[in-house]
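Only one structure is covered here, and it is reproduced in the block below.
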Amino acid sequence: MPLKIATWNINSVRLRIKTVERLIAEHDPDVLCLQEIKCTNDQFPAKAFAKYGYEHQAVHGQKAYHGVATVSKRPIRDIYRHDYCQMGDSRHVSVGLDVGGMAITVHNFYVPSGGDEPDPATNPKFDHKLKFVKEMRALRANSGDDDAVLVGDLNIAPHENDVWSHKQLLKIVSHTPVETEGLTRVFDEGGWVDLVRRHIPVDQKVYSWWSYRARDWSASDRGRRLDHVWSSPRVADQLASVTVLREARGWDKPSDHVPVIATLDLD
DNA sequence: ATGACGGATCTAATCCGA
């Protein structure tokens, strides 16, 4: 049995529950990690997910903004929430799963967007983003015998071909050198493998987000790869396939992000 | 100008996204 893990910034889970049901019907992930659920824990559509077999749920929401949730068909051993930057907002939840003889922690992140101006001295949102990413350096892909998977909307497009124009985005928040270097430190120091880039070579353009503001998102195709799936090397060795579901950006009432799905041959 | 839309909220105009 493979393990299929999907990450998706859903931009309001209540507004888009039908859209989530379409993903489930067509792709049937075992573990679904959502960001920007934009609701409190009480408002989360727990019964709708349970109906489709996601009986195991780790919801960390807040009113109106942010919020993450991981729902799973497999039992969740334990749940942790880390309050990055001690801001009291809901941007991380992790779950422990036991799959194919491996103990796997799945981290689900919603990294701050960072506002408009890429200057931490004048823009507190950008300062928050840099501090958040710095704090993520403590994460490890492996600790003892345990492995980890890290997914989410990291709000940073690290490589040149993760954006439509490397040159034109170097001063745009999400692709500035201070951000991409910061995320690269998290990646290198944690011992992670980028599953999407293991599957799709770095010389190929790949995006997971397209602005709502474009007249025709597909024709202009000015996207960015903000949503990521990383894992420990041992988990990465079992990677069977990766899907960046571009077509979901064209569904009715879409999120501005699309699902990123990794399938692992773990047992 | 890359491009002005889309979500939530004390339903109107404002904050936020990136």
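Note on naming: chains are A, B, ... as they come in the structure tokens, residues start from 1 per chain, ligands start from 1 in the order shown.
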
Select, as JSON, numbers by chain, those residues of chain A with any atom no more than 8 Å from chain B (distances computed using only C-alpha atoms (C1' of nucleotides)).
{"A": [11, 12, 38, 64, 65, 113, 114, 115, 116, 155, 173, 174, 211, 212, 213, 214, 215, 222]}

Those residues you just picked out, can you put them in a file as an mmCIF file, in the first residue's frame with N, CA and C atoms?
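Here's the written file out-v2.cif:
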data_model
loop_
_atom_site.group_PDB
_atom_site.id
_atom_site.type_symbol
_atom_site.label_atom_id
_atom_site.label_comp_id
_atom_site.auth_asym_id
_atom_site.auth_seq_id
_atom_site.Cartn_x
_atom_site.Cartn_y
_atom_site.Cartn_z
ATOM 1 N N ASN A 11 -7.339 28.334 1.094
ATOM 2 C CA ASN A 11 -7.915 29.697 1.124
ATOM 3 C C ASN A 11 -9.396 29.671 1.514
ATOM 4 N N SER A 12 -9.637 29.199 2.708
ATOM 5 C CA SER A 12 -10.969 29.021 3.330
ATOM 6 C C SER A 12 -11.541 27.629 3.061
ATOM 7 N N LYS A 38 -8.755 29.324 7.561
ATOM 8 C CA LYS A 38 -9.517 30.551 7.869
ATOM 9 C C LYS A 38 -10.753 30.289 8.726
ATOM 10 N N ALA A 64 -10.754 33.735 11.164
ATOM 11 C CA ALA A 64 -10.583 34.568 9.954
ATOM 12 C C ALA A 64 -9.271 34.377 9.182
ATOM 13 N N TYR A 65 -8.157 34.190 9.879
ATOM 14 C CA TYR A 65 -6.870 34.156 9.182
ATOM 15 C C TYR A 65 -6.094 32.863 9.441
ATOM 16 N N SER A 113 3.416 35.375 4.908
ATOM 17 C CA SER A 113 3.613 35.864 3.540
ATOM 18 C C SER A 113 4.701 36.930 3.484
ATOM 19 N N GLY A 114 4.728 37.815 4.447
ATOM 20 C CA GLY A 114 5.826 38.783 4.512
ATOM 21 C C GLY A 114 5.523 40.182 4.004
ATOM 22 N N GLY A 115 4.280 40.442 3.595
ATOM 23 C CA GLY A 115 3.917 41.800 3.156
ATOM 24 C C GLY A 115 4.582 42.189 1.852
ATOM 25 N N ASP A 116 4.605 43.487 1.595
ATOM 26 C CA ASP A 116 5.061 43.982 0.287
ATOM 27 C C ASP A 116 6.537 44.351 0.233
ATOM 28 N N ASN A 155 5.646 29.901 1.317
ATOM 29 C CA ASN A 155 5.644 31.289 0.827
ATOM 30 C C ASN A 155 7.002 31.772 0.320
ATOM 31 N N VAL A 173 8.853 40.044 -2.640
ATOM 32 C CA VAL A 173 8.738 39.143 -1.492
ATOM 33 C C VAL A 173 8.262 37.767 -1.960
ATOM 34 N N SER A 174 8.984 36.748 -1.550
ATOM 35 C CA SER A 174 8.836 35.314 -1.873
ATOM 36 C C SER A 174 10.040 34.797 -2.664
ATOM 37 N N SER A 211 -1.542 34.248 -9.105
ATOM 38 C CA SER A 211 -2.332 35.339 -8.528
ATOM 39 C C SER A 211 -3.759 35.344 -9.057
ATOM 40 N N TYR A 212 -4.691 35.751 -8.172
ATOM 41 C CA TYR A 212 -6.075 35.965 -8.600
ATOM 42 C C TYR A 212 -6.183 37.177 -9.529
ATOM 43 N N ARG A 213 -5.169 38.034 -9.498
ATOM 44 C CA ARG A 213 -5.311 39.322 -10.179
ATOM 45 C C ARG A 213 -5.070 39.259 -11.684
ATOM 46 N N ALA A 214 -4.477 38.206 -12.152
ATOM 47 C CA ALA A 214 -4.238 38.111 -13.602
ATOM 48 C C ALA A 214 -5.572 37.946 -14.331
ATOM 49 N N ARG A 215 -5.680 38.552 -15.478
ATOM 50 C CA ARG A 215 -6.911 38.394 -16.276
ATOM 51 C C ARG A 215 -7.083 36.935 -16.666
ATOM 52 N N ARG A 222 2.147 33.501 -14.889
ATOM 53 C CA ARG A 222 3.152 34.113 -14.011
ATOM 54 C C ARG A 222 3.018 33.529 -12.609
#

I need the residues in range 15-222 of chain A that are strand (DSSP E) according to DSSP; give them as a PyMOL selection string.
chain A and resi 31-35+56-60+68-72+78-80+92-99+102-110+142-143+146-153+193-194+209-210

Extract, using only C-alpha atoms (C1' of nucleotides), all DNA, RNA and protein residues at most 9 Å from Pro233 in chain A, discarding same-chain residues fewer than 3 positions from it, and format them as a ChimeraX atom specification.
/A:141-142,147,191-193,236-238

Any chance you could export the current selection's C-alpha atoms as a tab-separated table (two decimals), in the first residue's frame?
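Written file, out_9.tsv:
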chain	number	residue	atom	x	y	z
A	141	ALA	CA	14.51	15.32	8.83
A	142	ASN	CA	15.85	12.55	11.05
A	147	ASP	CA	11.81	10.23	10.00
A	191	GLY	CA	19.03	17.25	6.11
A	192	TRP	CA	15.93	17.43	3.91
A	193	VAL	CA	15.21	16.20	0.38
A	236	ALA	CA	12.68	10.07	-0.22
A	237	ASP	CA	14.17	6.74	-1.28
A	238	GLN	CA	10.61	5.39	-1.38

Do you know which residues are at most 9 Å from Ala103 in chain A counting only C-alpha atoms (C1' of nucleotides), after dropping those on the same chain fewer than 2 positions away, and could you put them as a ChimeraX atom specification?
/A:96-101,105,145-148

Can you write just those residues out, N, CA and C atoms, as an mmCIF file, in the first residue's frame?
data_model
loop_
_atom_site.group_PDB
_atom_site.id
_atom_site.type_symbol
_atom_site.label_atom_id
_atom_site.label_comp_id
_atom_site.auth_asym_id
_atom_site.auth_seq_id
_atom_site.Cartn_x
_atom_site.Cartn_y
_atom_site.Cartn_z
ATOM 1 N N GLY A 96 2.224 12.463 14.242
ATOM 2 C CA GLY A 96 3.051 11.269 14.185
ATOM 3 C C GLY A 96 2.254 10.131 13.579
ATOM 4 N N LEU A 97 2.831 9.483 12.565
ATOM 5 C CA LEU A 97 2.193 8.337 11.919
ATOM 6 C C LEU A 97 3.138 7.148 11.982
ATOM 7 N N ASP A 98 2.578 5.938 12.057
ATOM 8 C CA ASP A 98 3.389 4.725 11.960
ATOM 9 C C ASP A 98 3.022 4.036 10.654
ATOM 10 N N VAL A 99 3.972 4.062 9.719
ATOM 11 C CA VAL A 99 3.695 3.558 8.372
ATOM 12 C C VAL A 99 4.803 2.606 7.929
ATOM 13 N N GLY A 100 4.423 1.400 7.600
ATOM 14 C CA GLY A 100 5.378 0.438 7.064
ATOM 15 C C GLY A 100 6.602 0.252 7.940
ATOM 16 N N GLY A 101 6.399 0.221 9.242
ATOM 17 C CA GLY A 101 7.519 0.014 10.156
ATOM 18 C C GLY A 101 8.332 1.267 10.431
ATOM 19 N N THR A 105 6.995 11.738 11.348
ATOM 20 C CA THR A 105 6.350 12.979 11.771
ATOM 21 C C THR A 105 6.071 13.810 10.520
ATOM 22 N N ASP A 145 15.704 7.143 15.242
ATOM 23 C CA ASP A 145 15.133 6.256 14.237
ATOM 24 C C ASP A 145 13.933 6.871 13.527
ATOM 25 N N ASP A 146 13.540 8.079 13.974
ATOM 26 C CA ASP A 146 12.340 8.697 13.416
ATOM 27 C C ASP A 146 12.646 9.515 12.165
ATOM 28 N N ASP A 147 11.699 9.475 11.246
ATOM 29 C CA ASP A 147 11.808 10.229 9.995
ATOM 30 C C ASP A 147 10.747 11.322 9.972
ATOM 31 N N ALA A 148 10.947 12.285 9.074
ATOM 32 C CA ALA A 148 9.976 13.369 8.977
ATOM 33 C C ALA A 148 9.674 13.720 7.537
#

Check range 156-227 of chain A with DSSP on the backbone and list each residue it calls alpha helix (DSSP H), as a list of chain:residue names.
A:His166, A:Lys167, A:Gln168, A:Leu169, A:Pro177, A:Val178, A:Glu179, A:Thr180, A:Glu181, A:Gly182, A:Leu183, A:Thr184, A:Arg185, A:Val186, A:Phe187, A:Asp188, A:Glu189, A:Gly190, A:Leu195, A:Val196, A:Arg197, A:Arg198, A:His199, A:Trp217, A:Ser218, A:Ala219, A:Ser220

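Across the structure, CA of Ile17 in chain A and CA of Leu266 in chain A are spaced 29.1 Å apart.
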
CA of Asn9 in chain A to CA of Trp209 in chain A, distance in Å rounded to a single decimal:
9.3 Å

Distance query Asp227 in chain A at most 9 Å, only C-alpha atoms (C1' of nucleotides), self and fewer than 4 positions along chain excluded, as a ChimeraX atom specification:
/A:7-9,151-157,207-209,257-260
